[in-house]
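Reviewing the structure listed below.
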Amino acid sequence: MTTATASTPLDVARAQLQAALSARYSGCPGRSLPAPYVVPLGAADTLGFGHPDPYADTRPAANVQLTSRAVLIGPWGGGPLGAACGQCLAMRWQRLRSRSEREALELGHEPRGAVHWPVLTPYAVDAVWATYQAVIRGGPAHPDATPADRALPQVTRMDLATLATATFPLLPEPLCPACVSEVPDTADAARMELGPTPKPDPDGYRLRTLGSYPLPTAALANPVCGALGSDTWINPASTTTAPVAGTHFVRGYAGLNDVTWSGQANRYATSRTLAYLEGLERYAGTHRRRGTSPVVDSYRNLSGQALNPADCGFYAPETYASDPLVSPFDPDRAIPWVWGHSLRDDRPVLVPARLAHYSAGVDADNFVFECSNGCATGGSLEEAILFGLLELVERDAFLLAWYGRARLTAIDLTTATTPAVRSMLDRAALHGYDVHAFDTRMDLAVPVVTALAVRRDGGHGTLSFSAAAGFDPADTVEAALSEVLTYIPHLPYQVAERRTELEAMERDFSKVLHLKDHAQLYGLPSMVRHAAEYLEPEAVLPPAEVFADWQPLRPRTGDLLDDLRCLRDQLTGAGYDVIAVDQTTPEQHRMGLHTVSTTVPGLLPLDFGWTRQRALHMPRLRTALRAAGRRADDLPEAEIKAVPHPFP
């Protein structure tokens, strides 16, 4: 097998380790083991961003990879559905490196390090050889491995300083150039054949319980090759929920982004499962991982079979003139597109890749920064599409209410007598907050609830917002309250820490740039004046009265497809198309999960950064309140609330 020319300290050490292991292998009686083949890891980019990997041709067959700190042995074991190679391991390992390491590897910087490092003493080589012999035939699995983890290939890490070993499962990499042959995306493959989807409970909307999905949790989060990150962490300081979170870097069109995934429930075990599911959703949503290549062409050439990006909104002209990261959409410029399916027209339709995968993009399609709006995961395509559309409806309604200064009806939570609601109100009160809920529906009937926590003493962290949408009004109220409760234990400290910065944003909204800025800005007591419509509702009614008009419309057939059709018909009846892009990754498919990105062109999209608010320039902001019967005329420009939204 050919090797690259040694040039870095890792290359030198690699050659030394290869020679030492080969000598020991030559003296192995019977040679029943596969021959060890060593490559260095950490001195070249294996993801295809920076300098070409000199070991690219031979890395897939490698079963020993040498880093500056450890030796990785594997992949070994695993069934035929979970086959992985050395390139899979290298790609997953690199994604877990620190920001500085990744920037150095992926931006083409020359590696710098100790001249004679790592140091491979004879004792260390003996330890590597002993570990290799012990595990390559099939060693012990990770102690926390689930049955799904045990069916996967394994990787054993031996620390060169301590000689400690640990084994972790490895999910095959769907973008591995050695394992996957990329094929063009096609309209036929995008066509969705939606069908009857029986529900366990006619009044429920999830097809399976959280614990029923075969999640390979040790493969999803581990420090060597975790698909979603290196670990999860709990927050025992939270006294309102039991949050669990994880994070990893994703390279997008604006560089490396820290993508956090989390779950907030009343038990850490439940929160951890929710966190993994959200992490998998974001894993599928940030980049296309289906082994297909996009269609690359101009909108003018594709007109008639492609979504018009203008229908999803653009920024103000002055944003394109002053923001170096974006440029106006050009219908004659070739950009990447992915195939989706129109539920209104029952036909495939092309969607700009930048709108479907929110960390994907090239210089040619930098007309907008998209977020995870409308992405969802479920146990079927029908379930995923339903929840993706509910998220779009929730955020559209929130923005309509905020920018349109809509007077809202408050939901009387004293009559919402469920133990969950009472408990959440009590926990908020212990933090000095009163929590309110509002009917935020506009021209669509499906329940949308905004929750608002108000600090009683008016100190830092004064206001905190959240929202939810769903078919069951009681569950929707609980979901909105649960989310707002996750923010209030920490918001006062976050605001106090950034007070000077946030006060500068209050004076100049153009300084509101990031997601966290929007929510934390309303932790300033002086921002309360912008939330008068919530603090002075037009009425306070019990939940049953608020949502009485929805109950006759709510399907109760026991088939989730009927629920999806109900929501689709509300949207198409209001004049909008309904488009779904299947984002399901091979890993998710094996777990029984489906992920989609839904798009309803014309609904108000959620954006972060004050100068990047598409909603302010879209026709629906001006017409929806009239369509909802909330005013007799279209919303005049002078009455639009030109203040950043507080959506968290």
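Naming scheme: A, B, ... for chains in displayed order of the structure tokens; residues 1 onward per chain; ligands 1 onward as shown.
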Check segment 256-411 of chain A with DSSP on the backbone and list each residue it calls alpha helix (DSSP H), as a ChimeraX atom specification. /A:268-286,299-302,317-322,353-356,381-403
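When DSSP reads the backbone of this structure, the residues of segment 21-188 of chain A it assigns to strand (DSSP E) are Val38, Val39, Pro40, Val64, Gln65, Leu66, Ala70, Val71, Leu72, Ile73, Gly74, Pro75, Trp76, Gln154, Val155, Thr156, Arg157, Met158, Asp159, Thr165, Ala166, Thr167, Phe168, Pro169, Val183 and Pro184 of chain A.
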Check which residues of segment 134-161 of chain A sit at most 12 Å from segment 579-602 of chain A using only C-alpha atoms, and return one row each with the closest pair of atoms and their distance in Å to one decimal, ordered by chain and rising number, as JSON lines.
```
{"residue": "A:Pro147", "atom": "CA", "partner": "A:Met591", "partner_atom": "CA", "distance": 11.8}
{"residue": "A:Ala148", "atom": "CA", "partner": "A:Met591", "partner_atom": "CA", "distance": 8.6}
{"residue": "A:Asp149", "atom": "CA", "partner": "A:Met591", "partner_atom": "CA", "distance": 11.2}
{"residue": "A:Ala151", "atom": "CA", "partner": "A:Arg590", "partner_atom": "CA", "distance": 11.4}
{"residue": "A:Leu152", "atom": "CA", "partner": "A:Glu587", "partner_atom": "CA", "distance": 11.1}
```
Please list as a CSV table (one decimal) with N, CA, C and O atoms, in the first residue's frame every residue within 9 Å of His142 of chain A, counting only C-alpha atoms and excluding residues in the same chain fewer than 4 positions away.
```
chain,number,residue,atom,x,y,z
A,146,THR,N,-26.0,1.4,24.0
A,146,THR,CA,-27.3,0.8,23.8
A,146,THR,C,-27.2,-0.3,22.8
A,146,THR,O,-26.2,-0.5,22.1
A,149,ASP,N,-26.1,1.0,19.6
A,149,ASP,CA,-24.6,1.3,19.6
A,149,ASP,C,-23.8,0.0,19.3
A,149,ASP,O,-22.8,0.1,18.6
A,150,ARG,N,-24.2,-1.1,20.0
A,150,ARG,CA,-23.4,-2.3,19.8
A,150,ARG,C,-23.4,-2.9,18.4
A,150,ARG,O,-22.6,-3.7,18.1
A,154,GLN,N,-16.9,0.0,16.0
A,154,GLN,CA,-16.3,0.6,17.2
A,154,GLN,C,-14.9,1.1,16.9
A,154,GLN,O,-14.2,0.7,16.0
A,166,ALA,N,-10.3,3.6,25.8
A,166,ALA,CA,-11.8,3.8,25.8
A,166,ALA,C,-12.3,3.5,24.4
A,166,ALA,O,-11.6,3.8,23.4
A,167,THR,N,-13.4,2.8,24.4
A,167,THR,CA,-14.0,2.4,23.1
A,167,THR,C,-15.3,3.1,22.9
A,167,THR,O,-16.1,3.3,23.8
A,168,PHE,N,-15.6,3.6,21.7
A,168,PHE,CA,-16.8,4.3,21.3
A,168,PHE,C,-17.3,3.8,20.0
A,168,PHE,O,-16.6,3.4,19.1
A,169,PRO,N,-18.7,3.8,19.9
A,169,PRO,CA,-19.3,3.4,18.6
A,169,PRO,C,-19.2,4.5,17.6
A,169,PRO,O,-19.2,5.7,17.9
A,218,ALA,N,-24.5,6.5,22.6
A,218,ALA,CA,-23.0,6.6,22.7
A,218,ALA,C,-22.3,7.1,21.4
A,218,ALA,O,-21.3,7.7,21.4
```
I want to know what sits within 7 Å of His341 of chain A, based on only C-alpha atoms, with residues of the same chain fewer than 3 positions away left out; could you give that as JSON, numbers by chain? {"A": [190, 191, 192, 346, 347, 348, 349, 579, 580, 581]}
Pick out the residues sitting within 12 Å of Thr121 of chain A, and hand them over as a PyMOL selection string; count only C-alpha atoms, and ignore anything fewer than 3 positions along from it in its own chain. chain A and resi 13+16-17+20+116-118+124-128+160-161+163
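One finds atom CA of Leu616 of chain A at 26.7 Å from atom CA of Ser298 of chain A.
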List the spatial neighbours of Val39 of chain A as a list of chain:residue names - criterion: any atom at most 9 Å away, only C-alpha atoms, same-chain residues fewer than 5 positions off excluded. A:Thr3, A:Leu10, A:Asp11, A:Arg14, A:Ala15, A:Gln18, A:Tyr55, A:Thr58, A:Arg59, A:Ala62, A:Asn63, A:Val64, A:Gln65, A:Leu66
Can you pull out the residues contacting Val368 of chain A? Cut-off 9 Å, using only C-alpha atoms, and skip same-chain residues under 5 positions away; I want them as a PyMOL selection string. chain A and resi 313-315+326-329+354-355+612+614
For the residues selected in the previous step, produce a file with C-alpha atoms as a PDB file, in the first residue's frame.
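Saved result, part.pdb, follows:
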```
ATOM      1  CA  GLY A 313     -38.932  37.509   1.324  1.00  0.00           C
ATOM      2  CA  PHE A 314     -35.778  39.534   0.830  1.00  0.00           C
ATOM      3  CA  TYR A 315     -33.964  42.040   3.008  1.00  0.00           C
ATOM      4  CA  VAL A 326     -25.209  39.155   1.542  1.00  0.00           C
ATOM      5  CA  SER A 327     -26.008  40.264  -1.987  1.00  0.00           C
ATOM      6  CA  PRO A 328     -29.292  40.696  -3.901  1.00  0.00           C
ATOM      7  CA  PHE A 329     -30.892  37.689  -5.559  1.00  0.00           C
ATOM      8  CA  ARG A 354     -29.971  27.918   1.086  1.00  0.00           C
ATOM      9  CA  LEU A 355     -33.642  27.993   2.138  1.00  0.00           C
ATOM     10  CA  ARG A 612     -32.101  41.216   8.294  1.00  0.00           C
ATOM     11  CA  ARG A 614     -37.613  39.915   5.853  1.00  0.00           C
TER      12      ARG A 614
END
```
For segment 407-473 of chain A against segment 548-569 of chain A, with a cut-off of 7 Å and counting only C-alpha atoms, what is the closest atom pair and its distance in Å to one decimal for every residue that makes the cut, ordered by chain and number, as a Markdown table?
```
| residue | atom | partner | partner_atom | distance |
| --- | --- | --- | --- | --- |
| A:Ala445 | CA | A:Trp550 | CA | 6.2 |
| A:Val446 | CA | A:Trp550 | CA | 6.8 |
| A:Phe471 | CA | A:Arg554 | CA | 6.9 |
```
Min atom-atom distance to Thr240 of chain A from the set A:Thr186, A:Asn301, A:Ser482, A:Asn366, counting only C-alpha atoms, belongs to A:Ser482
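The residue that comes closest to Ala437 of chain A, out of A:Pro542, A:Gly378, A:Gly42, A:Gly629 and on the basis of only C-alpha atoms, is A:Pro542.
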